[in-house]
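J.: Below is one structure. I have some questions about it.
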Amino acid sequence: MSHIAIPDDATIQTLWQKYETPPNVIRHCQTVARLVEQVCAAYEHANVSDATLVVINTPLARAAALLHDAKRHQPHHAAAAANSLEQDGYPEVANIVRHHDFRYIVSKSLKTIEEKIVNYADKRVIHDQIVTVNERIDDLKQRYANNAKRIESYREPVKTLERELLDEKESYIRLDR
């Protein structure tokens, strides 16, 4: 098994500074990471009694969540952050960051459990508040009214991903609001 480079918390803070990540975006990323940890913990708990073992690299998913919007202030922020993370020596984190867009949920092209969890968790957070999928989609439709029809088309694919991830595990997740 090859070594996966995962930045620690001090390195993540350094990367936020290097990438000039605004404080409000950092708070958003921290909330997404908190939800990622809750989903990962639900899997660990479910694995105790479930016949199907799902192995999740929680530190990798958490680091990707903390850095997923690190370049939110730039055009094509996911690609920009992923490219920077690759250059900084974190290709696996970069891969998850690169795929945190709705289009990867809609096209069902998320390959790893970590990609799915980070993408899903991001779709459950408005600013720094954990909300339902419906609340998140409704918020986006209000903020980006000229794209409301396209945004509405994301609702069911995100709910399908939610069912895939949380079916019978959701009761273990504390959805703090």
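In the structure tokens, chains take the letters A, B, ... in the order shown, each chain's residues start at 1, and ligands count up from 1 in the order shown.
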Extract, using only C-alpha atoms, all DNA, RNA and protein residues at most 8 Å from His100 of chain A, discarding same-chain residues fewer than 3 positions from it, and format them as a short mmCIF file (atom, residue, chain, number, x, y, z; two decimals) with C-alpha atoms, in the first residue's frame.

T.:
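Result file out.cif:
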```
data_model
loop_
_atom_site.label_atom_id
_atom_site.label_comp_id
_atom_site.auth_asym_id
_atom_site.auth_seq_id
_atom_site.Cartn_x
_atom_site.Cartn_y
_atom_site.Cartn_z
CA HIS A 68 -12.29 21.90 -0.58
CA ALA A 78 -12.30 23.43 -7.23
CA ILE A 96 -11.35 14.77 -3.76
CA VAL A 97 -11.30 18.58 -3.88
CA TYR A 104 -20.12 14.75 -10.26
CA GLU A 115 -15.26 11.73 -2.69
CA VAL A 118 -17.02 15.18 1.11
CA ASN A 119 -19.24 16.14 -1.82
CA ASP A 122 -20.61 20.18 1.28
#
```

J.: As a VMD selection string, please: the residues near Ala80 of chain A (cut-off 12 Å, only C-alpha atoms, same-chain neighbours under 3 positions excluded).

T.: chain A and resid 19 67 to 77 83 to 87 94 to 95 97 to 99

J.: Among the residues of segment 57-142 of chain A, find those DSSP assigns to helix (DSSP H, G or I) from the backbone and print them as an NGL selection string.

T.: :A and (58-67 or 77-87 or 91-98 or 102-106 or 113-122 or 133-142)

J.: Deliver the residues from the most recent selection as a file, using N, CA and C atoms, as a short mmCIF file (atom, residue, chain, number, x, y, z; two decimals), in the first residue's frame.

T.:
```cif
data_model
loop_
_atom_site.label_atom_id
_atom_site.label_comp_id
_atom_site.auth_asym_id
_atom_site.auth_seq_id
_atom_site.Cartn_x
_atom_site.Cartn_y
_atom_site.Cartn_z
N THR A 58 -10.67 8.35 6.94
CA THR A 58 -11.27 9.54 7.57
C THR A 58 -10.32 10.73 7.58
N PRO A 59 -9.03 10.56 7.92
CA PRO A 59 -8.14 11.72 7.87
C PRO A 59 -8.04 12.34 6.47
N LEU A 60 -8.07 11.51 5.44
CA LEU A 60 -8.04 12.03 4.06
C LEU A 60 -9.31 12.81 3.76
N ALA A 61 -10.46 12.24 4.09
CA ALA A 61 -11.74 12.92 3.84
C ALA A 61 -11.82 14.23 4.62
N ARG A 62 -11.37 14.20 5.87
CA ARG A 62 -11.40 15.41 6.69
C ARG A 62 -10.51 16.50 6.11
N ALA A 63 -9.28 16.14 5.70
CA ALA A 63 -8.37 17.13 5.11
C ALA A 63 -8.97 17.72 3.83
N ALA A 64 -9.56 16.87 3.01
CA ALA A 64 -10.18 17.35 1.77
C ALA A 64 -11.34 18.30 2.08
N ALA A 65 -12.12 17.97 3.10
CA ALA A 65 -13.23 18.85 3.50
C ALA A 65 -12.70 20.20 3.96
N LEU A 66 -11.63 20.19 4.73
CA LEU A 66 -11.07 21.44 5.24
C LEU A 66 -10.47 22.30 4.13
N LEU A 67 -10.12 21.68 3.01
CA LEU A 67 -9.46 22.42 1.92
C LEU A 67 -10.31 22.54 0.66
N HIS A 77 -12.94 27.37 -8.76
CA HIS A 77 -12.24 27.22 -7.48
C HIS A 77 -11.84 25.79 -7.16
N ALA A 78 -12.64 24.82 -7.54
CA ALA A 78 -12.30 23.43 -7.23
C ALA A 78 -11.03 23.01 -7.98
N ALA A 79 -10.98 23.33 -9.27
CA ALA A 79 -9.80 23.00 -10.07
C ALA A 79 -8.58 23.79 -9.59
N ALA A 80 -8.79 25.06 -9.25
CA ALA A 80 -7.68 25.90 -8.78
C ALA A 80 -7.09 25.34 -7.49
N ALA A 81 -7.95 24.97 -6.55
CA ALA A 81 -7.48 24.42 -5.28
C ALA A 81 -6.82 23.06 -5.51
N ALA A 82 -7.42 22.23 -6.34
CA ALA A 82 -6.85 20.91 -6.62
C ALA A 82 -5.47 21.03 -7.26
N ASN A 83 -5.33 21.93 -8.21
CA ASN A 83 -4.03 22.12 -8.85
C ASN A 83 -2.97 22.56 -7.84
N SER A 84 -3.34 23.49 -6.97
CA SER A 84 -2.40 23.95 -5.94
C SER A 84 -2.04 22.83 -4.97
N LEU A 85 -3.04 22.05 -4.57
CA LEU A 85 -2.78 20.95 -3.65
C LEU A 85 -1.87 19.89 -4.28
N GLU A 86 -2.06 19.64 -5.56
CA GLU A 86 -1.16 18.70 -6.25
C GLU A 86 0.27 19.24 -6.24
N GLN A 87 0.42 20.52 -6.56
CA GLN A 87 1.75 21.14 -6.57
C GLN A 87 2.38 21.12 -5.18
N PRO A 91 -1.73 14.90 -3.75
CA PRO A 91 -2.55 14.52 -4.91
C PRO A 91 -3.87 13.84 -4.55
N GLU A 92 -3.90 13.03 -3.50
CA GLU A 92 -5.15 12.35 -3.13
C GLU A 92 -6.16 13.34 -2.56
N VAL A 93 -5.70 14.29 -1.78
CA VAL A 93 -6.58 15.35 -1.29
C VAL A 93 -7.09 16.17 -2.48
N ALA A 94 -6.19 16.47 -3.40
CA ALA A 94 -6.54 17.24 -4.59
C ALA A 94 -7.63 16.54 -5.40
N ASN A 95 -7.54 15.24 -5.53
CA ASN A 95 -8.54 14.50 -6.30
C ASN A 95 -9.94 14.65 -5.72
N ILE A 96 -10.04 14.59 -4.41
CA ILE A 96 -11.35 14.77 -3.76
C ILE A 96 -11.83 16.20 -3.94
N VAL A 97 -10.95 17.16 -3.74
CA VAL A 97 -11.30 18.58 -3.88
C VAL A 97 -11.79 18.86 -5.30
N ARG A 98 -11.11 18.30 -6.28
CA ARG A 98 -11.47 18.51 -7.69
C ARG A 98 -12.89 18.04 -7.98
N PHE A 102 -21.53 19.70 -7.94
CA PHE A 102 -22.80 19.00 -8.19
C PHE A 102 -22.73 18.09 -9.41
N ARG A 103 -22.02 18.51 -10.45
CA ARG A 103 -22.04 17.73 -11.69
C ARG A 103 -21.51 16.31 -11.49
N TYR A 104 -20.63 16.10 -10.51
CA TYR A 104 -20.12 14.75 -10.26
C TYR A 104 -21.14 13.89 -9.53
N ILE A 105 -22.02 14.52 -8.78
CA ILE A 105 -23.13 13.77 -8.16
C ILE A 105 -24.14 13.41 -9.25
N VAL A 106 -24.50 14.39 -10.07
CA VAL A 106 -25.50 14.17 -11.12
C VAL A 106 -25.03 13.08 -12.09
N ILE A 113 -15.36 6.42 -1.75
CA ILE A 113 -16.28 6.76 -0.67
C ILE A 113 -15.94 8.13 -0.09
N GLU A 114 -14.66 8.47 -0.05
CA GLU A 114 -14.25 9.78 0.47
C GLU A 114 -14.77 10.90 -0.42
N GLU A 115 -14.70 10.72 -1.76
CA GLU A 115 -15.26 11.73 -2.69
C GLU A 115 -16.74 11.92 -2.43
N LYS A 116 -17.44 10.81 -2.26
CA LYS A 116 -18.89 10.88 -2.05
C LYS A 116 -19.22 11.60 -0.74
N ILE A 117 -18.51 11.26 0.32
CA ILE A 117 -18.81 11.85 1.63
C ILE A 117 -18.51 13.34 1.65
N VAL A 118 -17.37 13.75 1.11
CA VAL A 118 -17.02 15.18 1.11
C VAL A 118 -18.00 15.96 0.25
N ASN A 119 -18.31 15.45 -0.93
CA ASN A 119 -19.24 16.14 -1.82
C ASN A 119 -20.61 16.26 -1.15
N TYR A 120 -21.09 15.18 -0.58
CA TYR A 120 -22.38 15.20 0.11
C TYR A 120 -22.37 16.19 1.27
N ALA A 121 -21.35 16.13 2.10
CA ALA A 121 -21.31 17.02 3.27
C ALA A 121 -21.32 18.48 2.85
N ASP A 122 -20.62 18.80 1.78
CA ASP A 122 -20.61 20.18 1.28
C ASP A 122 -22.01 20.62 0.86
N VAL A 133 -30.71 18.75 2.78
CA VAL A 133 -30.49 18.89 1.34
C VAL A 133 -31.50 19.87 0.76
N ASN A 134 -32.77 19.75 1.16
CA ASN A 134 -33.80 20.65 0.64
C ASN A 134 -33.50 22.10 0.97
N GLU A 135 -33.08 22.37 2.19
CA GLU A 135 -32.75 23.74 2.58
C GLU A 135 -31.58 24.29 1.76
N ARG A 136 -30.60 23.45 1.53
CA ARG A 136 -29.42 23.88 0.75
C ARG A 136 -29.81 24.20 -0.70
N ILE A 137 -30.59 23.32 -1.32
CA ILE A 137 -31.01 23.54 -2.71
C ILE A 137 -31.89 24.78 -2.79
N ASP A 138 -32.81 24.93 -1.85
CA ASP A 138 -33.68 26.12 -1.85
C ASP A 138 -32.87 27.40 -1.68
N ASP A 139 -31.86 27.37 -0.83
CA ASP A 139 -30.99 28.54 -0.63
C ASP A 139 -30.26 28.88 -1.93
N LEU A 140 -29.72 27.89 -2.58
CA LEU A 140 -29.00 28.14 -3.85
C LEU A 140 -29.94 28.69 -4.91
N LYS A 141 -31.14 28.16 -4.99
CA LYS A 141 -32.12 28.66 -5.97
C LYS A 141 -32.45 30.13 -5.70
N GLN A 142 -32.54 30.49 -4.44
CA GLN A 142 -32.83 31.89 -4.09
C GLN A 142 -31.65 32.79 -4.43
#
```

J.: Expressed in Å to a single decimal, how great is the separation between atom CA of Glu44 of chain A and atom CA of Asp167 of chain A?

T.: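 Interatomic distance, atom CA of Glu44 of chain A to atom CA of Asp167 of chain A: 13.9 Å.
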
J.: So that I can see what lies close to Val25 of chain A, please list as number ranges by chain the residues with an atom at most 8 Å from it, counting only C-alpha atoms and leaving out residues fewer than 2 positions away in the same chain.

T.: A: 21-23, 27-29, 69-70, 72, 127

J.: With C-alpha atoms retained, write the just-selected residues as a PDB file, in the first residue's frame.

T.:
```pdb
ATOM      1  CA  THR A  21      -8.693  31.637   2.072  1.00  0.00           C
ATOM      2  CA  PRO A  22     -11.154  34.108   3.646  1.00  0.00           C
ATOM      3  CA  PRO A  23     -12.232  33.487   7.278  1.00  0.00           C
ATOM      4  CA  ARG A  27     -15.603  28.413   8.848  1.00  0.00           C
ATOM      5  CA  HIS A  28     -17.627  26.787   6.047  1.00  0.00           C
ATOM      6  CA  CYS A  29     -14.859  24.224   5.446  1.00  0.00           C
ATOM      7  CA  ASP A  69     -13.093  25.621  -0.921  1.00  0.00           C
ATOM      8  CA  ALA A  70      -9.623  26.972  -0.111  1.00  0.00           C
ATOM      9  CA  ARG A  72     -13.391  29.735  -3.358  1.00  0.00           C
ATOM     10  CA  HIS A 127     -22.132  29.110   5.135  1.00  0.00           C
TER      11      HIS A 127
END
```

J.: Can you tell me, as number ranges by chain, which residues in segment 34-137 of chain A count as strand (DSSP E or B) by DSSP?

T.: A: 125-126, 129-130
